[in-house]
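Asker: My file is work.cif. It has mmCIF, C-alpha atoms and all ligand atoms:
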```cif
data_protein
#
loop_
_atom_site.label_atom_id
_atom_site.label_comp_id
_atom_site.auth_asym_id
_atom_site.auth_seq_id
_atom_site.Cartn_x
_atom_site.Cartn_y
_atom_site.Cartn_z
CA MET Q 428 14.84 11.32 80.95
CA LYS Q 429 11.16 10.90 81.84
CA ILE Q 430 8.36 13.31 82.70
CA THR Q 431 7.35 12.71 86.31
CA SER Q 432 4.87 15.47 87.11
CA ILE Q 433 2.71 18.07 85.37
CA LYS Q 434 1.07 20.79 87.43
CA THR Q 435 -0.78 23.99 86.58
CA TYR Q 436 -1.05 27.21 88.62
CA LEU Q 437 -3.76 29.84 88.22
CA ILE Q 438 -2.00 33.17 88.59
CA GLU Q 439 -3.51 36.65 88.65
CA PRO Q 440 -4.34 38.65 86.65
CA ARG Q 441 -5.57 36.00 84.18
CA TRP Q 442 -2.71 33.57 83.63
CA LEU Q 443 -2.10 29.83 83.89
CA PHE Q 444 1.44 28.58 84.48
CA LEU Q 445 2.53 25.01 83.83
CA ARG Q 446 5.37 23.23 85.61
CA VAL Q 447 6.72 20.01 84.07
CA GLU Q 448 9.22 18.04 86.14
CA THR Q 449 11.53 15.24 85.01
CA ASP Q 450 13.20 12.35 86.80
CA ASP Q 451 16.62 13.98 86.53
CA GLY Q 452 15.39 17.10 88.29
CA ILE Q 453 15.08 19.45 85.30
CA VAL Q 454 11.94 21.56 85.44
CA GLY Q 455 10.34 23.23 82.43
CA TRP Q 456 7.75 26.02 82.47
CA GLY Q 457 4.94 26.81 80.07
CA GLU Q 458 1.97 29.13 79.92
CA PRO Q 459 -1.01 27.29 78.44
CA VAL Q 460 -3.94 29.67 78.65
CA VAL Q 461 -6.84 31.26 76.86
CA GLU Q 462 -7.75 34.57 78.46
CA GLY Q 463 -11.03 34.01 80.30
CA ARG Q 464 -10.88 30.22 79.89
CA ALA Q 465 -7.91 29.36 82.12
CA HIS Q 466 -9.75 26.61 84.01
CA THR Q 467 -10.85 24.98 80.76
CA VAL Q 468 -7.29 24.92 79.39
CA ALA Q 469 -6.05 23.54 82.73
CA ALA Q 470 -8.52 20.68 82.33
CA ALA Q 471 -7.23 20.01 78.80
CA VAL Q 472 -3.63 19.96 80.08
CA ASP Q 473 -4.67 17.53 82.80
CA GLU Q 474 -6.22 15.22 80.20
CA MET Q 475 -3.09 15.41 78.04
CA SER Q 476 -0.89 14.60 81.05
CA ASP Q 477 -2.18 11.01 80.97
CA TYR Q 478 -0.16 10.56 77.79
CA LEU Q 479 2.89 12.53 78.91
CA ILE Q 480 3.65 11.18 82.38
CA GLY Q 481 6.48 8.68 81.98
CA ALA Q 482 7.27 9.86 78.44
CA ASP Q 483 10.66 11.15 77.19
CA PRO Q 484 10.41 14.99 77.19
CA THR Q 485 13.05 15.35 74.47
CA ARG Q 486 10.73 13.98 71.75
CA ILE Q 487 9.11 17.39 71.41
CA GLU Q 488 7.87 17.10 67.83
CA ASP Q 489 6.44 13.63 68.33
CA HIS Q 490 4.55 14.85 71.40
CA TRP Q 491 3.31 17.85 69.42
CA GLN Q 492 1.97 15.54 66.69
CA VAL Q 493 0.29 13.17 69.14
CA LEU Q 494 -1.21 15.87 71.39
CA THR Q 495 -2.46 17.87 68.40
CA LYS Q 496 -3.83 15.02 66.29
CA GLY Q 497 -4.03 11.98 68.53
CA GLY Q 498 -7.32 12.95 70.17
CA PHE Q 499 -8.99 12.76 66.75
CA TYR Q 500 -10.79 16.09 67.46
CA ARG Q 501 -8.30 18.90 67.04
CA GLY Q 502 -7.66 22.59 66.71
CA GLY Q 503 -9.33 25.59 68.28
CA PRO Q 504 -8.16 27.80 71.11
CA ILE Q 505 -8.50 25.42 74.07
CA LEU Q 506 -6.67 22.39 72.71
CA SER Q 507 -4.08 24.43 70.80
CA SER Q 508 -3.32 26.51 73.91
CA ALA Q 509 -2.95 23.40 76.08
CA VAL Q 510 -0.48 21.98 73.54
CA ALA Q 511 1.24 25.40 73.34
CA GLY Q 512 2.05 25.54 77.04
CA ILE Q 513 3.23 21.93 77.12
CA ASP Q 514 5.39 22.55 74.06
CA GLN Q 515 6.99 25.60 75.71
CA ALA Q 516 7.81 23.54 78.80
CA LEU Q 517 9.33 20.73 76.74
CA TRP Q 518 11.55 23.19 74.84
CA ASP Q 519 12.53 24.73 78.20
CA ILE Q 520 13.53 21.28 79.48
CA ARG Q 521 15.43 20.47 76.30
CA GLY Q 522 17.37 23.71 76.37
CA LYS Q 523 18.21 23.29 80.03
CA SER Q 524 19.30 19.68 79.50
CA LEU Q 525 21.73 20.83 76.78
CA GLY Q 526 22.75 24.05 78.52
CA VAL Q 527 21.66 26.33 75.67
CA PRO Q 528 18.84 28.82 75.06
CA VAL Q 529 16.04 27.50 72.86
CA HIS Q 530 16.88 29.78 69.92
CA GLU Q 531 20.25 28.01 69.67
CA LEU Q 532 18.26 24.83 68.95
CA LEU Q 533 16.20 26.63 66.29
CA GLY Q 534 19.24 27.48 64.20
CA GLY Q 535 20.87 30.14 66.34
CA ALA Q 536 20.31 33.85 66.75
CA VAL Q 537 19.57 35.92 63.67
CA ARG Q 538 19.76 39.21 65.62
CA ASP Q 539 21.35 40.55 68.77
CA THR Q 540 18.44 42.60 70.10
CA MET Q 541 14.67 42.51 69.56
CA ARG Q 542 12.39 45.51 69.28
CA ILE Q 543 9.40 45.52 71.64
CA TYR Q 544 6.24 47.52 72.21
CA CYS Q 545 3.73 48.00 75.02
CA TRP Q 546 0.08 48.94 75.21
CA ILE Q 547 -1.42 52.33 75.94
CA GLY Q 548 -4.97 53.45 76.52
CA GLY Q 549 -6.73 50.34 77.79
CA ASP Q 550 -9.96 48.96 76.40
CA GLU Q 551 -11.59 52.32 75.83
CA PRO Q 552 -8.83 54.72 74.89
CA THR Q 553 -8.97 58.30 76.16
CA GLU Q 554 -5.80 60.00 77.46
CA VAL Q 555 -3.54 58.17 75.04
CA GLY Q 556 -1.21 61.07 74.26
CA GLU Q 557 -0.01 61.30 77.87
CA GLU Q 558 0.43 57.53 78.10
CA ALA Q 559 2.45 57.49 74.89
CA ALA Q 560 4.71 60.19 76.33
CA ARG Q 561 5.27 58.06 79.44
CA GLN Q 562 6.25 55.06 77.29
CA VAL Q 563 8.68 57.13 75.25
CA GLU Q 564 10.14 58.35 78.54
CA ALA Q 565 10.46 54.71 79.66
CA GLY Q 566 12.51 53.94 76.56
CA LEU Q 567 10.03 52.50 74.05
CA THR Q 568 10.01 53.41 70.37
CA ALA Q 569 6.63 51.85 69.56
CA VAL Q 570 3.24 51.57 71.24
CA LYS Q 571 -0.08 49.94 70.41
CA MET Q 572 -3.54 51.23 71.20
CA ASN Q 573 -7.13 50.25 70.65
CA ALA Q 574 -8.67 52.42 67.95
CA THR Q 575 -12.06 52.59 69.61
CA GLY Q 576 -14.34 51.31 72.32
CA ARG Q 577 -17.53 49.55 71.21
CA MET Q 578 -18.54 50.29 67.66
CA ARG Q 579 -21.83 49.77 65.87
CA PRO Q 580 -21.97 48.09 62.46
CA LEU Q 581 -22.16 51.53 60.87
CA GLU Q 582 -20.88 54.52 62.78
CA THR Q 583 -21.31 58.28 62.89
CA THR Q 584 -18.82 60.75 61.47
CA ALA Q 585 -18.15 61.87 65.04
CA GLN Q 586 -17.14 58.38 66.20
CA ILE Q 587 -14.83 57.92 63.22
CA GLN Q 588 -13.28 61.34 63.78
CA ALA Q 589 -12.81 60.65 67.53
CA ALA Q 590 -10.83 57.51 66.69
CA VAL Q 591 -8.68 59.43 64.21
CA ASP Q 592 -8.09 62.22 66.74
CA ARG Q 593 -6.86 59.72 69.37
CA VAL Q 594 -4.39 58.16 66.97
CA ALA Q 595 -3.31 61.63 65.83
CA ALA Q 596 -2.58 62.60 69.45
CA VAL Q 597 -0.31 59.58 69.79
CA ARG Q 598 1.37 60.16 66.43
CA GLU Q 599 2.16 63.70 67.52
CA VAL Q 600 3.91 62.39 70.65
CA MET Q 601 5.72 59.57 68.86
CA GLY Q 602 6.89 61.70 65.93
CA PRO Q 603 8.10 60.31 62.61
CA ASP Q 604 10.92 58.22 64.11
CA ARG Q 605 8.75 56.06 66.37
CA ASP Q 606 5.71 53.91 65.68
CA VAL Q 607 2.08 53.60 66.69
CA ALA Q 608 0.13 50.45 65.94
CA VAL Q 609 -3.67 50.48 66.05
CA ASP Q 610 -5.73 47.48 67.14
CA PHE Q 611 -9.29 47.27 65.77
CA HIS Q 612 -9.75 44.22 68.08
CA GLY Q 613 -12.35 42.71 65.78
CA ARG Q 614 -14.77 45.34 67.14
CA ILE Q 615 -15.38 47.05 63.89
CA SER Q 616 -17.50 45.84 60.99
CA PRO Q 617 -15.75 45.30 57.65
CA ALA Q 618 -17.58 48.31 56.22
CA VAL Q 619 -16.44 50.65 58.99
CA ALA Q 620 -12.96 49.10 59.01
CA ARG Q 621 -12.48 50.24 55.43
CA VAL Q 622 -13.65 53.76 56.27
CA LEU Q 623 -11.50 54.00 59.39
CA CYS Q 624 -8.41 52.71 57.59
CA ARG Q 625 -8.93 55.35 54.90
CA GLU Q 626 -9.16 58.09 57.51
CA LEU Q 627 -6.10 56.79 59.42
CA GLU Q 628 -3.87 56.55 56.36
CA PRO Q 629 -2.38 60.06 56.67
CA LEU Q 630 -1.20 59.13 60.20
CA GLN Q 631 0.73 56.13 58.87
CA PRO Q 632 0.17 53.58 61.64
CA MET Q 633 2.83 50.85 61.77
CA PHE Q 634 -0.07 48.45 61.24
CA VAL Q 635 -3.79 48.03 61.84
CA GLU Q 636 -4.50 44.83 63.77
CA GLU Q 637 -7.52 42.52 63.53
CA PRO Q 638 -9.57 44.75 61.25
CA VAL Q 639 -12.17 41.98 61.21
CA VAL Q 640 -13.13 39.17 63.59
CA PRO Q 641 -11.35 35.87 62.92
CA GLU Q 642 -14.56 34.28 61.55
CA LEU Q 643 -14.22 36.72 58.64
CA SER Q 644 -10.55 35.93 57.96
CA ALA Q 645 -11.50 34.72 54.48
CA ASP Q 646 -12.52 38.34 53.72
CA ILE Q 647 -9.48 40.09 55.15
CA GLY Q 648 -8.04 40.48 51.66
CA LYS Q 649 -10.77 43.02 50.90
CA ILE Q 650 -9.53 45.18 53.77
CA CYS Q 651 -5.90 44.72 52.68
CA ALA Q 652 -6.79 45.76 49.13
CA SER Q 653 -8.70 48.83 50.32
CA THR Q 654 -5.86 50.50 52.23
CA THR Q 655 -2.16 51.27 52.12
CA ILE Q 656 -1.88 50.64 55.90
CA PRO Q 657 -0.13 47.33 56.61
CA ILE Q 658 -2.68 44.87 58.01
CA ALA Q 659 -1.84 42.54 60.90
CA THR Q 660 -3.81 39.60 62.21
CA GLY Q 661 -3.50 36.18 63.80
CA GLU Q 662 -3.85 36.29 67.59
CA ARG Q 663 -7.05 34.24 67.22
CA LEU Q 664 -5.64 31.76 64.68
CA PHE Q 665 -4.22 28.57 66.13
CA SER Q 666 -2.18 26.64 63.59
CA ARG Q 667 -0.42 26.94 60.25
CA TRP Q 668 -3.63 25.65 58.66
CA ASP Q 669 -5.57 28.60 60.09
CA PHE Q 670 -2.92 30.94 58.64
CA ARG Q 671 -3.31 29.30 55.23
CA ASP Q 672 -6.48 31.34 54.76
CA VAL Q 673 -4.96 34.75 55.48
CA LEU Q 674 -1.37 34.62 54.22
CA PRO Q 675 -2.16 34.76 50.48
CA GLN Q 676 -4.54 37.71 50.98
CA GLY Q 677 -2.04 40.52 51.34
CA VAL Q 678 -1.63 40.80 55.12
CA ALA Q 679 1.66 42.44 56.15
CA VAL Q 680 2.13 40.98 59.63
CA VAL Q 681 1.10 37.72 61.31
CA GLN Q 682 0.66 37.63 65.06
CA PRO Q 683 0.46 34.04 66.30
CA ASP Q 684 0.38 33.79 70.09
CA LEU Q 685 3.00 31.49 71.59
CA SER Q 686 0.48 30.45 74.24
CA HIS Q 687 -2.34 29.78 71.77
CA ALA Q 688 -0.94 28.62 68.46
CA GLY Q 689 0.76 25.34 69.37
CA GLY Q 690 3.76 26.85 71.16
CA ILE Q 691 7.31 27.28 69.95
CA SER Q 692 7.11 24.35 67.52
CA GLU Q 693 4.10 25.64 65.59
CA CYS Q 694 4.81 29.38 65.82
CA ARG Q 695 8.28 28.72 64.43
CA ARG Q 696 6.61 27.04 61.45
CA ILE Q 697 4.04 29.82 61.07
CA ALA Q 698 6.94 32.32 60.98
CA ALA Q 699 8.63 30.38 58.19
CA PHE Q 700 5.30 30.01 56.36
CA ALA Q 701 4.81 33.79 56.59
CA GLU Q 702 8.32 34.40 55.27
CA ALA Q 703 7.32 32.60 52.10
CA TYR Q 704 4.69 35.32 51.51
CA GLY Q 705 6.97 38.22 52.44
CA VAL Q 706 4.99 38.67 55.65
CA ALA Q 707 6.53 39.80 58.94
CA LEU Q 708 6.11 38.13 62.34
CA ALA Q 709 5.01 40.01 65.46
CA PRO Q 710 3.97 37.47 68.10
CA HIS Q 711 0.92 38.41 70.14
CA CYS Q 712 1.75 38.47 73.85
CA PRO Q 713 -0.51 40.23 76.35
CA LEU Q 714 0.18 37.38 78.79
CA GLY Q 715 2.81 36.47 81.37
CA PRO Q 716 6.57 36.00 81.55
CA VAL Q 717 6.77 32.42 80.25
CA SER Q 718 4.75 33.33 77.16
CA LEU Q 719 6.99 36.35 76.54
CA ALA Q 720 10.14 34.28 77.03
CA ALA Q 721 8.87 31.71 74.51
CA SER Q 722 7.99 34.51 72.06
CA LEU Q 723 11.48 35.99 72.29
CA GLN Q 724 13.09 32.62 71.63
CA VAL Q 725 11.17 32.40 68.34
CA ASP Q 726 11.89 36.06 67.53
CA PHE Q 727 15.62 35.63 67.95
CA ALA Q 728 15.60 32.68 65.55
CA SER Q 729 13.19 34.15 62.95
CA PRO Q 730 14.54 36.45 60.24
CA ASN Q 731 11.10 37.99 59.60
CA ALA Q 732 10.39 38.87 63.27
CA LEU Q 733 9.45 42.57 63.24
CA ILE Q 734 8.53 43.52 66.80
CA GLN Q 735 7.45 41.79 70.02
CA GLU Q 736 4.39 42.71 72.09
CA THR Q 737 4.84 42.70 75.87
CA SER Q 738 2.28 43.03 78.63
CA LEU Q 739 4.41 45.17 80.93
CA GLY Q 740 2.02 47.62 82.57
CA ILE Q 741 -0.92 46.52 80.39
CA HIS Q 742 -4.32 47.51 81.78
CA TYR Q 743 -5.11 43.91 82.82
CA ASN Q 744 -2.01 43.52 84.97
CA GLN Q 745 -3.02 45.57 88.01
CA GLY Q 746 -1.62 43.96 91.16
CA SER Q 747 0.26 41.22 89.29
CA ASP Q 748 2.61 42.18 86.50
CA LEU Q 749 5.02 40.66 84.05
CA LEU Q 750 8.15 40.80 86.20
CA ASP Q 751 6.63 39.63 89.52
CA TYR Q 752 7.38 35.91 89.05
CA LEU Q 753 10.95 36.13 87.76
CA ALA Q 754 14.02 35.45 89.89
CA ASP Q 755 15.85 37.98 87.67
CA PRO Q 756 13.53 40.54 86.02
CA ALA Q 757 16.53 42.10 84.24
CA VAL Q 758 16.12 39.48 81.50
CA PHE Q 759 13.27 41.60 80.04
CA ALA Q 760 14.96 44.98 80.56
CA PHE Q 761 14.91 47.20 77.49
CA ALA Q 762 16.76 50.27 76.27
CA ASP Q 763 16.03 52.41 73.21
CA GLY Q 764 13.10 50.10 72.45
CA TYR Q 765 15.05 46.84 72.35
CA VAL Q 766 15.62 43.86 74.67
CA GLN Q 767 18.86 41.94 74.67
CA ARG Q 768 19.13 38.35 73.48
CA PRO Q 769 18.44 35.95 76.36
CA THR Q 770 21.45 33.75 77.04
CA ALA Q 771 20.30 31.51 79.91
CA PRO Q 772 19.42 27.89 79.02
CA GLY Q 773 15.92 26.90 77.95
CA LEU Q 774 13.41 29.71 77.72
CA GLY Q 775 15.95 31.99 79.35
CA VAL Q 776 13.95 32.91 82.45
CA GLU Q 777 14.12 31.58 85.98
CA ILE Q 778 10.69 31.34 87.57
CA ASP Q 779 10.33 32.31 91.24
CA GLU Q 780 8.57 29.12 92.32
CA ALA Q 781 7.72 30.43 95.79
CA ALA Q 782 6.02 33.49 94.30
CA VAL Q 783 4.07 31.26 91.88
CA ALA Q 784 2.93 28.87 94.61
CA LYS Q 785 1.83 31.76 96.81
CA ALA Q 786 -0.08 33.49 93.98
CA ALA Q 787 -1.81 30.22 93.07
CA GLU Q 788 -3.35 30.09 96.55
CA THR Q 789 -5.47 33.05 95.44
CA GLY Q 790 -5.94 32.06 91.79
CA HIS Q 791 -8.40 34.03 89.68
CA ARG Q 792 -11.66 33.80 87.79
CA TRP Q 793 -10.89 36.43 85.16
CA ARG Q 794 -13.50 36.66 82.43
CA SER Q 795 -13.61 38.71 79.25
CA PRO Q 796 -15.76 41.83 79.60
CA ILE Q 797 -19.22 41.57 78.07
CA TRP Q 798 -20.07 44.76 76.25
CA ARG Q 799 -23.45 45.92 75.05
CA HIS Q 800 -24.57 48.66 72.74
CA GLU Q 801 -26.86 51.44 73.90
CA ASP Q 802 -29.84 49.47 72.60
CA GLY Q 803 -28.94 46.49 74.82
CA GLY Q 804 -27.59 44.32 72.02
CA PHE Q 805 -24.29 42.44 72.28
CA ALA Q 806 -21.17 44.37 71.28
CA GLU Q 807 -17.79 42.92 70.38
CA TRP Q 808 -15.17 43.65 73.08
MG MG Q 901 -5.05 42.44 69.36
#
```
If you convert what's in this file into structure tokens, what do you get?
Ligand SMILES: [Mg+2]

Answerer:
Amino acid sequence: MKITSIKTYLIEPRWLFLRVETDDGIVGWGEPVVEGRAHTVAAAVDEMSDYLIGADPTRIEDHWQVLTKGGFYRGGPILSSAVAGIDQALWDIRGKSLGVPVHELLGGAVRDTMRIYCWIGGDEPTEVGEEAARQVEAGLTAVKMNATGRMRPLETTAQIQAAVDRVAAVREVMGPDRDVAVDFHGRISPAVARVLCRELEPLQPMFVEEPVVPELSADIGKICASTTIPIATGERLFSRWDFRDVLPQGVAVVQPDLSHAGGISECRRIAAFAEAYGVALAPHCPLGPVSLAASLQVDFASPNALIQETSLGIHYNQGSDLLDYLADPAVFAFADGYVQRPTAPGLGVEIDEAAVAKAAETGHRWRSPIWRHEDGGFAEW
């Protein structure tokens, strides 16, 4: 088998799909993207395709090694995301060629269903209680919310209390048998993160995510040591070497993104690496259906997988949502908070190629919001 074509598709709201075709007609899909930098990742995939066209797609690990290290300059979100999407597509092809889902090739299923969660509240949370109630109604047992909008390096008592009140409103809806996770989104200074964690402790969030920006990962142990709330991080870390810095520091959950951190091959290794520290896996996935399918394949083969993020109905997805490009959306259906194990070959999803081609005619130029403080200075989003 040889790779004969590699093509990317810019798909609203902010996605990039990858289609890899082989000479025996098997097609694999990937989702190589950095939110807000889709064109840049597409260019990186195009450069990598020079090496891949004509190559045997079944040599997944060898391709991963060459694409990751063979350019001499390595790492970071753009290159690691390009490799991630290619890696997903190669696993998809391999599974389809053997007639088995990818998790069968990773050692087989370690569970029958996987717990999932969705987002509530958007970038600047307000009516979160009502949204949580809607998600419970829809059959979820866990939700995640941003703790705050923009936050200054030191904040007022009122701002801290407002964040606590929002989480409390959600906790009241969810009750003691369901979970609420709180994302600090790297918006909050380490000093305020410690204060906010202290104030949130009585509400027992499932975890607090990205309490500090990834540049400060070396300091995340100070946050872990200051609170009893489990700390999660990792959506902006891109390889097992990036996770080397945070795993020994007491984090409870790692959140590699299947579309950023080197794909199925590397996220599988990060999961095993985390297991060695007693740390759970909760893959980051605010992206599209291929990324979610790849995440679930790793979840179903990883004993420490805790819960899976999905982007269904996320605030970014207006007009183009998770299920719109699937021939059979039932593959992601959930009940009582869990999705069933995918059984179709490869990534387990069938992409509606006509819908993808049509959406790519429009494309997108999605960019991350730029926030500013009241004084005009830059604010973390
Ligand atoms: Mg996050």

Asker: Have a look at atom CA of Gly740 of chain Q and atom CA of Val607 of chain Q and let me know their distance in Å, one decimal.

Answerer: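 Atom CA of Val607 of chain Q lies 17.0 Å from atom CA of Gly740 of chain Q.
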
Asker: Atom CA of Pro459 of chain Q to atom CA of Ala509 of chain Q: how many Å, to one decimal?

Answerer: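 We find that atom CA of Pro459 of chain Q and atom CA of Ala509 of chain Q lie 4.9 Å from each other.
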
Asker: Looking at only C-alpha atoms and all ligand atoms, which of Q:Gly690, Q:Pro683, Q:Gly526, Q:Gly764 is the one that sits closest to ligand MG 901 (chain Q)?

Answerer: Q:Pro683

Asker: Which residue, Q:Leu437, Q:Val681, Q:Met475, Q:Ala782, has the smallest gap to ligand MG 901 (chain Q) when you use all atoms listed in the file?

Answerer: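 Residue with the minimum atom-to-atom distance to ligand MG 901 (chain Q): Q:Val681.
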
Asker: Give me the residues within 7 Å of Ser653 of chain Q as a PyMOL selection string, counting all atoms listed in the file and dropping any in the same chain fewer than 3 places off.

Answerer: chain Q and resi 621+649-650

Asker: Pick out the residues no farther than 12 Å from ligand MG 901 (chain Q), counting all atoms listed in the file, and list them as a PyMOL selection string.

Answerer: chain Q and resi 545-546+549-550+571-574+608-614+634-641+658-664+681-684+709-714+736-738+808

Asker: Excluding same-chain residues fewer than 2 positions from His490 of chain Q, what lies within 12 Å of it counting all atoms listed in the file, as a list in words?

Answerer: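 Here the qualifying residues turn out to be Met475, Ser476, Tyr478, Leu479, Ile480, Ala482, Asp483, Pro484, Thr485, Arg486, Ile487, Glu488, Gln492, Val493, Leu494, Thr495, Lys496, Gly497, Val510, Ala511, Ile513, Asp514, Gln515, Ala516, Leu517, Trp518, Gly689 and Ser692 of chain Q.
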
Asker: Rounded to one decimal, what separation in Å do you get between atom CA of Ser508 of chain Q and atom CA of Val461 of chain Q?

Answerer: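 According to the coordinates, atom CA of Ser508 of chain Q and atom CA of Val461 of chain Q are separated by 6.6 Å.
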
Asker: With distances taken over only C-alpha atoms, which residue among Q:Gln735, Q:Ser507, Q:Thr435, Q:Thr575 lies nearest Val555 of chain Q?

Answerer: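 Nearest to Val555 of chain Q: Q:Thr575.
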
Asker: As a PyMOL selection string, please: the residues near Trp442 of chain Q (cut-off 9 Å, only C-alpha atoms, same-chain neighbours under 5 positions excluded).

Answerer: chain Q and resi 436-437+458-463+465+714-715+790-791+793

Asker: Tell me which protein, DNA and RNA residues are within 10 Å of Leu753 of chain Q, counting only C-alpha atoms, leaving out same-chain ones fewer than 5 positions away, and put them as JSON, numbers by chain.

Answerer: {"Q": [716, 717, 758, 759, 776, 777, 778, 779, 780, 782, 783]}

Asker: Could those residues be written to a file, using C-alpha atoms, as a short mmCIF file (atom, residue, chain, number, x, y, z; two decimals), in the coordinates of the input?

Answerer:
```
data_model
loop_
_atom_site.label_atom_id
_atom_site.label_comp_id
_atom_site.auth_asym_id
_atom_site.auth_seq_id
_atom_site.Cartn_x
_atom_site.Cartn_y
_atom_site.Cartn_z
CA PRO Q 716 6.57 36.00 81.55
CA VAL Q 717 6.77 32.42 80.25
CA VAL Q 758 16.12 39.48 81.50
CA PHE Q 759 13.27 41.60 80.04
CA VAL Q 776 13.95 32.91 82.45
CA GLU Q 777 14.12 31.58 85.98
CA ILE Q 778 10.69 31.34 87.57
CA ASP Q 779 10.33 32.31 91.24
CA GLU Q 780 8.57 29.12 92.32
CA ALA Q 782 6.02 33.49 94.30
CA VAL Q 783 4.07 31.26 91.88
#
```

Asker: Quick one: which segment 603-717 of chain Q residues come within 12 Å of segment 529-536 of chain Q, and what is the nearest atom pair for each with the distance in Å to one decimal, counting all atoms listed in the file, rows ordered by chain and ascending number, as a tab-separated table?

Answerer:
```
residue	atom	partner	partner_atom	distance
Q:Ile691	CA	Q:Val529	CA	9.2
Q:Ser692	CA	Q:Leu533	CA	9.5
Q:Cys694	CA	Q:Leu533	CA	11.7
Q:Arg695	CA	Q:Leu533	CA	8.4
Q:Arg696	CA	Q:Leu533	CA	10.7
Q:Ala699	CA	Q:Leu533	CA	11.7
```

Asker: Out of Q:Ala590, Q:Gly648, Q:Ile430, Q:Val678, which residue has the shortest atom-to-atom distance to Gly455 of chain Q when counting only C-alpha atoms?

Answerer: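 Smallest separation from Gly455 of chain Q among the options: Q:Ile430.
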
Asker: I want to know what sits within 9 Å of Leu627 of chain Q, based on only C-alpha atoms, with residues of the same chain fewer than 3 positions away left out; could you give that as number ranges by chain?

Answerer: Q: 590-591, 594-595, 622-624, 630-632, 656

Asker: Which one is closest to Arg446 of chain Q: Q:Ile520, Q:Ala771, Q:Ile647, Q:Ile587? Count only C-alpha atoms.

Answerer: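 Smallest distance to Arg446 of chain Q is found for Q:Ile520.
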
Asker: Mind listing as a ChimeraX atom specification all residues within 12 Å of (8.7, 36.3, 51.6), counting only C-alpha atoms?

Answerer: /Q:674-675,677-680,698-708,730-731

Asker: In terms of the shortest atom-to-atom distance over only C-alpha atoms, which of Q:Trp668, Q:Glu474, Q:Arg625, Q:Tyr743 is closest to Thr654 of chain Q?

Answerer: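 Once distances to Thr654 of chain Q are computed over only C-alpha atoms, the minimum belongs to Q:Arg625.
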
Asker: Missing atoms in segment 729-741 of chain Q: fill them in up to N, CA and C atoms and send the result as a JSON list (two decimals), in the frame of the given file.

Answerer:
```
[["chain", "number", "residue", "atom", "x", "y", "z"],
["Q", 729, "SER", "N", 14.03, 33.95, 64.14],
["Q", 729, "SER", "CA", 13.19, 34.15, 62.95],
["Q", 729, "SER", "C", 13.59, 35.41, 62.21],
["Q", 730, "PRO", "N", 14.07, 35.27, 60.97],
["Q", 730, "PRO", "CA", 14.54, 36.45, 60.24],
["Q", 730, "PRO", "C", 13.45, 37.47, 59.97],
["Q", 731, "ASN", "N", 12.17, 37.04, 59.91],
["Q", 731, "ASN", "CA", 11.10, 37.99, 59.60],
["Q", 731, "ASN", "C", 10.41, 38.54, 60.85],
["Q", 732, "ALA", "N", 10.99, 38.30, 62.05],
["Q", 732, "ALA", "CA", 10.39, 38.87, 63.27],
["Q", 732, "ALA", "C", 10.57, 40.39, 63.25],
["Q", 733, "LEU", "N", 9.47, 41.11, 63.39],
["Q", 733, "LEU", "CA", 9.45, 42.57, 63.24],
["Q", 733, "LEU", "C", 9.53, 43.27, 64.59],
["Q", 734, "ILE", "N", 8.65, 42.86, 65.50],
["Q", 734, "ILE", "CA", 8.53, 43.52, 66.80],
["Q", 734, "ILE", "C", 7.78, 42.58, 67.73],
["Q", 735, "GLN", "N", 8.06, 42.69, 69.04],
["Q", 735, "GLN", "CA", 7.45, 41.79, 70.02],
["Q", 735, "GLN", "C", 6.55, 42.58, 70.97],
["Q", 736, "GLU", "N", 5.30, 42.14, 71.09],
["Q", 736, "GLU", "CA", 4.39, 42.71, 72.09],
["Q", 736, "GLU", "C", 4.80, 42.25, 73.48],
["Q", 737, "THR", "N", 4.69, 43.13, 74.48],
["Q", 737, "THR", "CA", 4.84, 42.70, 75.87],
["Q", 737, "THR", "C", 3.68, 43.26, 76.68],
["Q", 738, "SER", "N", 3.42, 42.61, 77.81],
["Q", 738, "SER", "CA", 2.28, 43.03, 78.63],
["Q", 738, "SER", "C", 2.70, 43.91, 79.79],
["Q", 739, "LEU", "N", 3.94, 44.38, 79.79],
["Q", 739, "LEU", "CA", 4.41, 45.17, 80.93],
["Q", 739, "LEU", "C", 3.51, 46.40, 81.11],
["Q", 740, "GLY", "N", 2.86, 46.47, 82.27],
["Q", 740, "GLY", "CA", 2.02, 47.62, 82.57],
["Q", 740, "GLY", "C", 0.69, 47.65, 81.82],
["Q", 741, "ILE", "N", 0.35, 46.56, 81.13],
["Q", 741, "ILE", "CA", -0.92, 46.52, 80.39],
["Q", 741, "ILE", "C", -2.08, 46.67, 81.38]]
```
